[in-house]
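**Student:** Shown below is the structure under consideration.
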Amino acid sequence: MTVEQLQKKIVELKKENDICILAHSYQSREICEIADIVGDSFKLSVEAQKVKNRKIVMCGVHFMAETAKLLSPDKTVVIASDEAGCLMAEQFTPEDVLRFKETNPNYKVVSYINTTAALKCVTDVCVTSSSAVEIVGKLPDRDILFIPDPNLGDFVQKAYPEKNIVCWNGGCPVHGKMTAEDVKRIRAKFPEAKFLVHPECPPEVCEGADYIGSTAGIIAYARKSDAEQFIIGTEISITEQLSYEMPHKRFVNLSKRLICSDMKITTLTDVYDAVCGRGGLEITFDDDTAAKARRCIDEMIRLGG
């Protein structure tokens, strides 16, 4: 089948089988085109609660499907590719946090949404890239362990210098590759362009950016801006998405190295197999894990995230 024929078949099957397809903004164009909802990780989980479909097919990575299941426990949630992990989400374990807490009992544990359900079980409150500053600001605690991304943690620390935010050596291996040299090179080539960057990038990359925020925030900024050129400092799929949406504006990548192989591993054929019921991986939790992992998300929602 051609791409168009396969897309048409997927659309037919999802209607027949009462399926809602969710796709992260970093997914390939052909997948985003047949998805019911496209967005960043937490938005997808929130929207999954609202749809009437009883089955969700997540085109993203494991932690996203886990979060969708935690927020919609009565729905069947399937990740389209069971190989789509996330190195940042998986780089620390609950045991790492518990060992830290043994000698630092007064620290509040704040975890980025980009973490496994197991890690969320030992987290006090979860945050997204767009809500991290707001939520940490609402915490009365001075001492905070912020995991797993030290670059996002540094971004929050700059907003609250009075707090003691401890970060571990981790983070997104894709955004973490960016350097000040990358910024210097691309800004020299496009001096009039607005520079929009994700806070998972290193501080020296974020410095001097016109906007620092989530993928959803970057897209919203580009839509509203009167500027004609933009340098995009996040996964290259966002540049592609914006170029399709606003062909009258020019969008360029900060670097050609901004490619997430875990996001790109999901194919249109994987989605087809998932809606057929012969592929993908269903996400399940025991009751104890579901309850513990859900608490930090509920606390995030309570605080306004």
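Chain lettering (A, B, ...) mirrors the order of the structure tokens, residue numbering begins at 1 for each chain separately, and ligand numbering begins at 1 in order of display.
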Can you pull out every residue within 10 Å of Val46 in chain A, counting only C-alpha atoms, but drop anything in the same chain fewer than 6 positions away, and send it as a PyMOL selection string?

**Tutor:** chain A and resi 67-68+71-72

**Student:** I need the chosen residues saved as a compact mmCIF listing (two decimals), in the first residue's frame, with N, CA and C atoms.

**Tutor:**
```txt
# COMPACT_ATOMS: atom_id res chain seq x y z
N THR A 67 1.17 7.62 31.47
CA THR A 67 0.43 8.75 32.05
C THR A 67 -1.01 8.75 31.57
N ALA A 68 -1.22 8.44 30.31
CA ALA A 68 -2.59 8.37 29.78
C ALA A 68 -3.39 7.30 30.51
N LEU A 71 -4.38 8.44 34.06
CA LEU A 71 -5.48 9.40 34.07
C LEU A 71 -6.78 8.83 33.52
N SER A 72 -6.69 7.73 32.78
CA SER A 72 -7.89 7.08 32.21
C SER A 72 -7.84 5.58 32.51
```

**Student:** So that I can check the surroundings of range 251-257 of chain A, please list as a PyMOL selection string every protein, DNA and RNA residue that reaches within 10 Å of it, counting only C-alpha atoms and ignoring chain neighbours fewer than 2 positions away.

**Tutor:** chain A and resi 174-175+177-179+182-187+190+193-197+205+222+228-244+246-249+259-260

**Student:** May I have the residues from that selection written out with N, CA and C atoms, as a tab-separated table (two decimals), in the first residue's frame?

**Tutor:**
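Just written: out_28.tsv:
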```tsv
chain	number	residue	atom	x	y	z
A	174	VAL	N	18.99	14.26	23.56
A	174	VAL	CA	18.85	14.98	22.28
A	174	VAL	C	19.04	16.47	22.50
A	175	HIS	N	18.23	17.06	23.37
A	175	HIS	CA	18.37	18.48	23.66
A	175	HIS	C	19.73	18.79	24.29
A	177	LYS	N	22.57	17.74	23.56
A	177	LYS	CA	23.67	17.82	22.58
A	177	LYS	C	23.93	19.24	22.09
A	178	MET	N	22.97	20.11	22.30
A	178	MET	CA	23.09	21.46	21.75
A	178	MET	C	24.18	22.25	22.48
A	179	THR	N	24.84	23.12	21.74
A	179	THR	CA	25.94	23.90	22.30
A	179	THR	C	25.78	25.38	21.96
A	182	ASP	N	26.45	26.02	18.36
A	182	ASP	CA	25.30	25.82	17.47
A	182	ASP	C	24.49	27.10	17.36
A	183	VAL	N	24.28	27.73	18.52
A	183	VAL	CA	23.50	28.97	18.55
A	183	VAL	C	24.21	30.07	17.77
A	184	LYS	N	25.52	30.22	18.02
A	184	LYS	CA	26.30	31.26	17.35
A	184	LYS	C	26.26	31.08	15.84
A	185	ARG	N	26.41	29.85	15.39
A	185	ARG	CA	26.45	29.56	13.95
A	185	ARG	C	25.12	29.88	13.29
A	186	ILE	N	24.02	29.40	13.87
A	186	ILE	CA	22.72	29.57	13.22
A	186	ILE	C	22.21	31.00	13.33
A	187	ARG	N	22.55	31.70	14.42
A	187	ARG	CA	22.09	33.08	14.56
A	187	ARG	C	22.86	34.01	13.62
A	190	PHE	N	21.02	33.53	10.37
A	190	PHE	CA	19.67	34.10	10.36
A	190	PHE	C	19.56	35.14	11.48
A	193	ALA	N	16.05	36.27	12.77
A	193	ALA	CA	15.10	35.24	13.21
A	193	ALA	C	14.87	35.28	14.72
A	194	LYS	N	13.64	34.96	15.13
A	194	LYS	CA	13.33	34.76	16.54
A	194	LYS	C	13.83	33.38	16.94
A	195	PHE	N	14.44	33.32	18.12
A	195	PHE	CA	15.02	32.05	18.59
A	195	PHE	C	14.13	31.47	19.68
A	196	LEU	N	13.51	30.32	19.38
A	196	LEU	CA	12.59	29.66	20.29
A	196	LEU	C	13.19	28.34	20.73
A	197	VAL	N	13.32	28.14	22.04
A	197	VAL	CA	14.08	27.00	22.54
A	197	VAL	C	13.36	26.28	23.67
A	205	VAL	N	22.64	27.45	25.87
A	205	VAL	CA	21.84	27.49	24.63
A	205	VAL	C	20.61	28.36	24.84
A	222	ALA	N	5.09	30.97	17.73
A	222	ALA	CA	5.30	31.12	16.28
A	222	ALA	C	4.01	31.53	15.59
A	228	GLU	N	9.01	36.78	10.57
A	228	GLU	CA	8.95	35.95	9.38
A	228	GLU	C	9.93	34.78	9.42
A	229	GLN	N	10.91	34.84	10.34
A	229	GLN	CA	11.91	33.78	10.44
A	229	GLN	C	12.03	33.33	11.89
A	230	PHE	N	12.22	32.01	12.07
A	230	PHE	CA	12.33	31.45	13.41
A	230	PHE	C	13.39	30.34	13.43
A	231	ILE	N	14.21	30.35	14.47
A	231	ILE	CA	15.13	29.25	14.74
A	231	ILE	C	14.48	28.41	15.83
A	232	ILE	N	14.33	27.12	15.58
A	232	ILE	CA	13.61	26.25	16.50
A	232	ILE	C	14.59	25.33	17.23
A	233	GLY	N	14.66	25.48	18.55
A	233	GLY	CA	15.58	24.70	19.37
A	233	GLY	C	14.90	23.57	20.10
A	234	THR	N	14.30	22.68	19.33
A	234	THR	CA	13.75	21.44	19.88
A	234	THR	C	13.69	20.42	18.74
A	235	GLU	N	13.16	19.25	18.99
A	235	GLU	CA	13.15	18.16	18.01
A	235	GLU	C	12.68	18.65	16.65
A	236	ILE	N	13.34	18.18	15.59
A	236	ILE	CA	13.13	18.74	14.25
A	236	ILE	C	11.70	18.59	13.73
A	237	SER	N	10.92	17.71	14.32
A	237	SER	CA	9.53	17.54	13.88
A	237	SER	C	8.73	18.81	14.06
A	238	ILE	N	9.07	19.62	15.06
A	238	ILE	CA	8.34	20.86	15.30
A	238	ILE	C	8.60	21.85	14.16
A	239	THR	N	9.83	21.90	13.69
A	239	THR	CA	10.14	22.76	12.53
A	239	THR	C	9.32	22.32	11.32
A	240	GLU	N	9.24	21.03	11.11
A	240	GLU	CA	8.46	20.50	9.99
A	240	GLU	C	6.98	20.85	10.15
A	241	GLN	N	6.45	20.62	11.35
A	241	GLN	CA	5.04	20.90	11.60
A	241	GLN	C	4.70	22.37	11.36
A	242	LEU	N	5.55	23.25	11.87
A	242	LEU	CA	5.32	24.68	11.71
A	242	LEU	C	5.43	25.11	10.24
A	243	SER	N	6.35	24.49	9.52
A	243	SER	CA	6.54	24.83	8.10
A	243	SER	C	5.30	24.45	7.27
A	244	TYR	N	4.68	23.31	7.61
A	244	TYR	CA	3.45	22.91	6.93
A	244	TYR	C	2.31	23.87	7.27
A	246	MET	N	2.45	27.03	8.48
A	246	MET	CA	2.66	28.44	8.10
A	246	MET	C	3.73	28.55	7.02
A	247	PRO	N	3.42	28.14	5.80
A	247	PRO	CA	4.43	28.15	4.73
A	247	PRO	C	4.91	29.56	4.36
A	248	HIS	N	4.17	30.59	4.79
A	248	HIS	CA	4.58	31.96	4.49
A	248	HIS	C	5.68	32.44	5.44
A	249	LYS	N	5.98	31.64	6.47
A	249	LYS	CA	7.07	31.96	7.39
A	249	LYS	C	8.19	30.94	7.21
A	259	ILE	N	17.29	15.15	16.66
A	259	ILE	CA	16.43	14.06	16.20
A	259	ILE	C	16.30	13.03	17.33
A	260	CYS	N	15.07	12.75	17.74
A	260	CYS	CA	14.83	11.75	18.78
A	260	CYS	C	14.51	10.41	18.12
```

**Student:** Run DSSP on the backbone of this structure and report the residues of range 2-160 of chain A it assigns to helix (DSSP H, G or I), as a CSV table (one decimal) with N, CA and C atoms, in the first residue's frame.

**Tutor:**
```csv
chain,number,residue,atom,x,y,z
A,3,VAL,N,1.5,5.3,1.2
A,3,VAL,CA,1.2,5.9,2.5
A,3,VAL,C,-0.2,6.4,2.6
A,4,GLU,N,-0.7,7.0,1.5
A,4,GLU,CA,-2.1,7.5,1.5
A,4,GLU,C,-3.1,6.4,1.7
A,5,GLN,N,-2.9,5.2,1.1
A,5,GLN,CA,-3.8,4.1,1.2
A,5,GLN,C,-3.8,3.5,2.6
A,6,LEU,N,-2.6,3.5,3.2
A,6,LEU,CA,-2.5,3.0,4.6
A,6,LEU,C,-3.1,3.9,5.6
A,7,GLN,N,-2.9,5.2,5.4
A,7,GLN,CA,-3.6,6.2,6.2
A,7,GLN,C,-5.1,6.0,6.2
A,8,LYS,N,-5.6,5.9,5.0
A,8,LYS,CA,-7.1,5.7,4.8
A,8,LYS,C,-7.6,4.5,5.5
A,9,LYS,N,-6.8,3.4,5.4
A,9,LYS,CA,-7.2,2.1,6.1
A,9,LYS,C,-7.2,2.3,7.6
A,10,ILE,N,-6.2,3.0,8.1
A,10,ILE,CA,-6.1,3.3,9.6
A,10,ILE,C,-7.3,4.1,10.1
A,11,VAL,N,-7.7,5.1,9.3
A,11,VAL,CA,-8.9,6.0,9.6
A,11,VAL,C,-10.1,5.1,9.7
A,12,GLU,N,-10.3,4.2,8.7
A,12,GLU,CA,-11.5,3.3,8.7
A,12,GLU,C,-11.5,2.4,9.9
A,13,LEU,N,-10.3,1.8,10.2
A,13,LEU,CA,-10.3,0.9,11.3
A,13,LEU,C,-10.5,1.5,12.7
A,14,LYS,N,-9.9,2.7,12.9
A,14,LYS,CA,-10.1,3.4,14.2
A,14,LYS,C,-11.6,3.7,14.4
A,15,LYS,N,-12.3,4.0,13.4
A,15,LYS,CA,-13.8,4.3,13.5
A,15,LYS,C,-14.5,3.0,13.8
A,16,GLU,N,-14.2,1.9,13.1
A,16,GLU,CA,-14.8,0.6,13.3
A,16,GLU,C,-14.6,0.1,14.7
A,29,ARG,N,5.2,13.1,10.2
A,29,ARG,CA,4.0,13.8,9.6
A,29,ARG,C,2.9,12.9,9.2
A,30,GLU,N,3.2,11.7,8.6
A,30,GLU,CA,2.2,10.8,8.2
A,30,GLU,C,1.4,10.3,9.4
A,31,ILE,N,2.0,10.2,10.6
A,31,ILE,CA,1.2,9.7,11.7
A,31,ILE,C,0.4,10.9,12.3
A,32,CYS,N,0.9,12.1,12.4
A,32,CYS,CA,0.2,13.2,12.9
A,32,CYS,C,-1.1,13.5,12.0
A,41,SER,N,3.1,15.9,25.7
A,41,SER,CA,2.8,14.7,26.4
A,41,SER,C,1.6,14.8,27.4
A,42,PHE,N,1.6,15.8,28.2
A,42,PHE,CA,0.6,15.9,29.2
A,42,PHE,C,-0.8,16.3,28.6
A,43,LYS,N,-0.7,17.1,27.6
A,43,LYS,CA,-2.0,17.5,26.9
A,43,LYS,C,-2.7,16.2,26.4
A,44,LEU,N,-1.9,15.3,25.8
A,44,LEU,CA,-2.4,14.1,25.2
A,44,LEU,C,-3.2,13.3,26.3
A,45,SER,N,-2.5,13.2,27.5
A,45,SER,CA,-3.1,12.4,28.6
A,45,SER,C,-4.4,13.0,29.1
A,46,VAL,N,-4.4,14.4,29.2
A,46,VAL,CA,-5.6,15.1,29.6
A,46,VAL,C,-6.7,14.9,28.6
A,47,GLU,N,-6.4,15.0,27.3
A,47,GLU,CA,-7.4,14.9,26.3
A,47,GLU,C,-8.0,13.5,26.2
A,48,ALA,N,-7.1,12.5,26.6
A,48,ALA,CA,-7.6,11.1,26.5
A,48,ALA,C,-8.7,10.9,27.5
A,49,GLN,N,-8.7,11.7,28.6
A,49,GLN,CA,-9.8,11.6,29.6
A,49,GLN,C,-11.1,12.0,29.0
A,50,LYS,N,-11.1,13.0,28.1
A,50,LYS,CA,-12.3,13.6,27.5
A,50,LYS,C,-13.0,12.9,26.4
A,62,HIS,N,6.9,5.4,26.0
A,62,HIS,CA,6.2,4.6,27.1
A,62,HIS,C,5.7,5.5,28.2
A,63,PHE,N,6.4,6.5,28.7
A,63,PHE,CA,5.9,7.3,29.8
A,63,PHE,C,4.6,8.0,29.4
A,64,MET,N,4.5,8.4,28.2
A,64,MET,CA,3.3,9.1,27.7
A,64,MET,C,2.1,8.1,27.8
A,65,ALA,N,2.2,6.9,27.4
A,65,ALA,CA,1.2,5.9,27.4
A,65,ALA,C,0.8,5.6,28.9
A,66,GLU,N,1.9,5.5,29.7
A,66,GLU,CA,1.6,5.3,31.1
A,66,GLU,C,0.8,6.4,31.8
A,67,THR,N,1.2,7.6,31.5
A,67,THR,CA,0.4,8.7,32.0
A,67,THR,C,-1.0,8.8,31.6
A,68,ALA,N,-1.2,8.4,30.3
A,68,ALA,CA,-2.6,8.4,29.8
A,68,ALA,C,-3.4,7.3,30.5
A,69,LYS,N,-2.8,6.2,30.8
A,69,LYS,CA,-3.5,5.1,31.5
A,69,LYS,C,-3.7,5.5,33.0
A,70,LEU,N,-2.8,6.2,33.6
A,70,LEU,CA,-3.0,6.6,35.0
A,70,LEU,C,-4.2,7.6,35.1
A,71,LEU,N,-4.4,8.4,34.1
A,71,LEU,CA,-5.5,9.4,34.1
A,71,LEU,C,-6.8,8.8,33.5
A,87,LEU,N,15.1,7.7,27.1
A,87,LEU,CA,16.3,7.6,27.9
A,87,LEU,C,16.2,8.5,29.1
A,88,MET,N,15.7,9.6,29.0
A,88,MET,CA,15.6,10.5,30.1
A,88,MET,C,14.6,10.0,31.2
A,89,ALA,N,13.5,9.5,30.7
A,89,ALA,CA,12.5,8.9,31.7
A,89,ALA,C,13.0,7.7,32.5
A,90,GLU,N,14.0,7.0,31.9
A,90,GLU,CA,14.4,5.7,32.4
A,90,GLU,C,15.8,5.8,33.1
A,94,PRO,N,13.4,4.3,41.3
A,94,PRO,CA,12.8,4.7,42.6
A,94,PRO,C,13.8,4.5,43.7
A,95,GLU,N,14.7,3.5,43.6
A,95,GLU,CA,15.7,3.2,44.6
A,95,GLU,C,16.7,4.4,44.7
A,96,ASP,N,17.0,5.0,43.6
A,96,ASP,CA,17.9,6.2,43.7
A,96,ASP,C,17.3,7.3,44.5
A,97,VAL,N,16.0,7.5,44.3
A,97,VAL,CA,15.3,8.5,45.1
A,97,VAL,C,15.2,8.2,46.5
A,98,LEU,N,14.8,6.9,46.8
A,98,LEU,CA,14.7,6.5,48.2
A,98,LEU,C,16.0,6.6,49.0
A,99,ARG,N,17.1,6.3,48.3
A,99,ARG,CA,18.4,6.4,49.0
A,99,ARG,C,18.7,7.9,49.3
A,100,PHE,N,18.4,8.7,48.4
A,100,PHE,CA,18.5,10.2,48.6
A,100,PHE,C,17.7,10.7,49.8
A,101,LYS,N,16.5,10.2,49.8
A,101,LYS,CA,15.5,10.6,50.9
A,101,LYS,C,16.0,10.1,52.3
A,102,GLU,N,16.7,9.0,52.3
A,102,GLU,CA,17.1,8.5,53.6
A,102,GLU,C,18.0,9.5,54.3
A,103,THR,N,18.9,10.2,53.6
A,103,THR,CA,19.8,11.1,54.2
A,103,THR,C,19.4,12.6,54.0
A,117,ALA,N,6.3,5.5,35.4
A,117,ALA,CA,5.3,5.4,36.5
A,117,ALA,C,5.9,4.9,37.8
A,118,ALA,N,6.9,4.1,37.7
A,118,ALA,CA,7.6,3.6,38.9
A,118,ALA,C,8.3,4.8,39.7
A,119,LEU,N,8.9,5.7,38.9
A,119,LEU,CA,9.5,6.9,39.5
A,119,LEU,C,8.5,7.8,40.1
A,120,LYS,N,7.3,7.9,39.4
A,120,LYS,CA,6.3,8.8,39.9
A,120,LYS,C,5.7,8.3,41.3
A,132,ALA,N,6.4,23.9,35.3
A,132,ALA,CA,7.4,23.7,36.3
A,132,ALA,C,7.7,24.9,37.2
A,133,VAL,N,7.8,26.0,36.5
A,133,VAL,CA,8.1,27.3,37.3
A,133,VAL,C,7.0,27.6,38.2
A,134,GLU,N,5.8,27.6,37.6
A,134,GLU,CA,4.6,27.9,38.4
A,134,GLU,C,4.4,27.0,39.6
A,135,ILE,N,4.5,25.7,39.4
A,135,ILE,CA,4.3,24.8,40.5
A,135,ILE,C,5.3,24.8,41.6
A,136,VAL,N,6.6,24.8,41.2
A,136,VAL,CA,7.7,24.9,42.2
A,136,VAL,C,7.5,26.2,43.0
A,137,GLY,N,7.1,27.3,42.3
A,137,GLY,CA,6.9,28.5,43.0
A,137,GLY,C,5.8,28.5,44.1
A,138,LYS,N,4.8,27.6,43.9
A,138,LYS,CA,3.7,27.4,44.9
A,138,LYS,C,4.1,26.5,46.0
A,150,PRO,N,18.3,18.1,34.5
A,150,PRO,CA,19.0,19.2,35.2
A,150,PRO,C,18.9,20.6,34.5
A,151,ASN,N,18.6,20.5,33.2
A,151,ASN,CA,18.5,21.8,32.4
A,151,ASN,C,17.2,22.5,32.7
A,152,LEU,N,16.1,21.7,32.8
A,152,LEU,CA,14.8,22.2,33.2
A,152,LEU,C,14.9,22.7,34.7
A,153,GLY,N,15.6,21.9,35.5
A,153,GLY,CA,15.8,22.3,36.9
A,153,GLY,C,16.6,23.6,37.0
A,154,ASP,N,17.6,23.8,36.2
A,154,ASP,CA,18.3,25.0,36.2
A,154,ASP,C,17.4,26.2,35.8
A,155,PHE,N,16.6,26.0,34.8
A,155,PHE,CA,15.6,27.0,34.4
A,155,PHE,C,14.7,27.4,35.6
A,156,VAL,N,14.2,26.4,36.3
A,156,VAL,CA,13.4,26.7,37.5
A,156,VAL,C,14.2,27.4,38.6
A,157,GLN,N,15.5,27.0,38.8
A,157,GLN,CA,16.3,27.6,39.8
A,157,GLN,C,16.5,29.1,39.6
A,158,LYS,N,16.7,29.4,38.3
A,158,LYS,CA,16.9,30.8,38.0
A,158,LYS,C,15.7,31.7,38.3
A,159,ALA,N,14.5,31.0,38.3
A,159,ALA,CA,13.3,31.8,38.6
A,159,ALA,C,13.1,31.9,40.1
```

**Student:** Hey, which of A:Thr269, A:Ser225, A:Asn164, A:Thr289 ends up closest to Thr2 in chain A? Count only C-alpha atoms.

**Tutor:** A:Thr269

**Student:** Env of range 122-124 of chain A: 7 Å cut, atoms = only C-alpha atoms, seq-sep filter 6 positions within chain, self excluded. Answer as a list in words.

**Tutor:**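 Residues near the query, excluding close chain neighbours: Pro94, Lys108, Val109, Val110, Ser111 and Cys296 of chain A.
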
**Student:** Which polymer residues have any atom within 6 Å of an atom of Ile56 in chain A, counting only C-alpha atoms, with same-chain residues fewer than 4 positions away left out, as a PDB file with N, CA and C atoms, in the first residue's frame?

**Tutor:**
```pdb
ATOM      1  N   ILE A  19     -11.582   3.627  18.384  1.00  0.00           N
ATOM      2  CA  ILE A  19     -10.229   3.959  18.831  1.00  0.00           C
ATOM      3  C   ILE A  19      -9.950   5.444  18.630  1.00  0.00           C
ATOM      4  N   CYS A  20      -9.297   6.042  19.620  1.00  0.00           N
ATOM      5  CA  CYS A  20      -8.781   7.398  19.490  1.00  0.00           C
ATOM      6  C   CYS A  20      -7.261   7.314  19.373  1.00  0.00           C
ATOM      7  N   ILE A  21      -6.699   7.918  18.338  1.00  0.00           N
ATOM      8  CA  ILE A  21      -5.253   7.914  18.141  1.00  0.00           C
ATOM      9  C   ILE A  21      -4.671   9.230  18.641  1.00  0.00           C
ATOM     10  N   VAL A  77      -5.371   1.347  26.984  1.00  0.00           N
ATOM     11  CA  VAL A  77      -4.339   2.210  26.410  1.00  0.00           C
ATOM     12  C   VAL A  77      -3.238   1.331  25.824  1.00  0.00           C
TER      13      VAL A  77
END
```

**Student:** Excluding Ser131 in chain A and its own-chain neighbours fewer than 4 positions away, which residues fall within 10 Å of it when counting only C-alpha atoms? Please give them as a ChimeraX atom specification.

**Tutor:** /A:112,126-127,135-137,213-214,300-301,303-305

**Student:** Could you save those same residues with N, CA and C atoms as a PDB file, in the first residue's frame?

**Tutor:**
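out_22.pdb written:
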```
ATOM      1  N   TYR A 112       9.722  15.690  36.657  1.00  0.00           N
ATOM      2  CA  TYR A 112       9.230  16.057  35.327  1.00  0.00           C
ATOM      3  C   TYR A 112       8.242  14.976  34.897  1.00  0.00           C
ATOM      4  N   CYS A 126       4.440  16.216  40.349  1.00  0.00           N
ATOM      5  CA  CYS A 126       4.914  16.147  38.974  1.00  0.00           C
ATOM      6  C   CYS A 126       4.796  17.532  38.339  1.00  0.00           C
ATOM      7  N   VAL A 127       5.587  17.804  37.309  1.00  0.00           N
ATOM      8  CA  VAL A 127       5.494  19.069  36.574  1.00  0.00           C
ATOM      9  C   VAL A 127       5.688  18.803  35.087  1.00  0.00           C
ATOM     10  N   ILE A 135       4.525  25.719  39.412  1.00  0.00           N
ATOM     11  CA  ILE A 135       4.258  24.769  40.493  1.00  0.00           C
ATOM     12  C   ILE A 135       5.338  24.805  41.562  1.00  0.00           C
ATOM     13  N   VAL A 136       6.601  24.849  41.171  1.00  0.00           N
ATOM     14  CA  VAL A 136       7.670  24.934  42.169  1.00  0.00           C
ATOM     15  C   VAL A 136       7.530  26.224  42.979  1.00  0.00           C
ATOM     16  N   GLY A 137       7.078  27.283  42.339  1.00  0.00           N
ATOM     17  CA  GLY A 137       6.868  28.540  43.039  1.00  0.00           C
ATOM     18  C   GLY A 137       5.780  28.462  44.084  1.00  0.00           C
ATOM     19  N   GLY A 213      10.349  27.584  26.283  1.00  0.00           N
ATOM     20  CA  GLY A 213       9.117  26.944  26.725  1.00  0.00           C
ATOM     21  C   GLY A 213       8.896  25.587  26.089  1.00  0.00           C
ATOM     22  N   SER A 214       7.758  25.009  26.410  1.00  0.00           N
ATOM     23  CA  SER A 214       7.390  23.681  25.928  1.00  0.00           C
ATOM     24  C   SER A 214       7.167  23.678  24.420  1.00  0.00           C
ATOM     25  N   MET A 300      -0.061  17.897  41.047  1.00  0.00           N
ATOM     26  CA  MET A 300       0.253  18.872  40.003  1.00  0.00           C
ATOM     27  C   MET A 300      -1.014  19.581  39.540  1.00  0.00           C
ATOM     28  N   ILE A 301      -2.065  18.812  39.316  1.00  0.00           N
ATOM     29  CA  ILE A 301      -3.335  19.394  38.873  1.00  0.00           C
ATOM     30  C   ILE A 301      -3.909  20.302  39.954  1.00  0.00           C
ATOM     31  N   LEU A 303      -2.305  22.063  42.071  1.00  0.00           N
ATOM     32  CA  LEU A 303      -1.517  23.295  42.122  1.00  0.00           C
ATOM     33  C   LEU A 303      -1.666  24.144  40.860  1.00  0.00           C
ATOM     34  N   GLY A 304      -2.419  23.629  39.903  1.00  0.00           N
ATOM     35  CA  GLY A 304      -2.718  24.448  38.732  1.00  0.00           C
ATOM     36  C   GLY A 304      -1.960  24.081  37.482  1.00  0.00           C
ATOM     37  N   GLY A 305      -1.271  22.943  37.475  1.00  0.00           N
ATOM     38  CA  GLY A 305      -0.484  22.573  36.296  1.00  0.00           C
ATOM     39  C   GLY A 305      -1.325  21.926  35.244  1.00  0.00           C
TER      40      GLY A 305
END
```
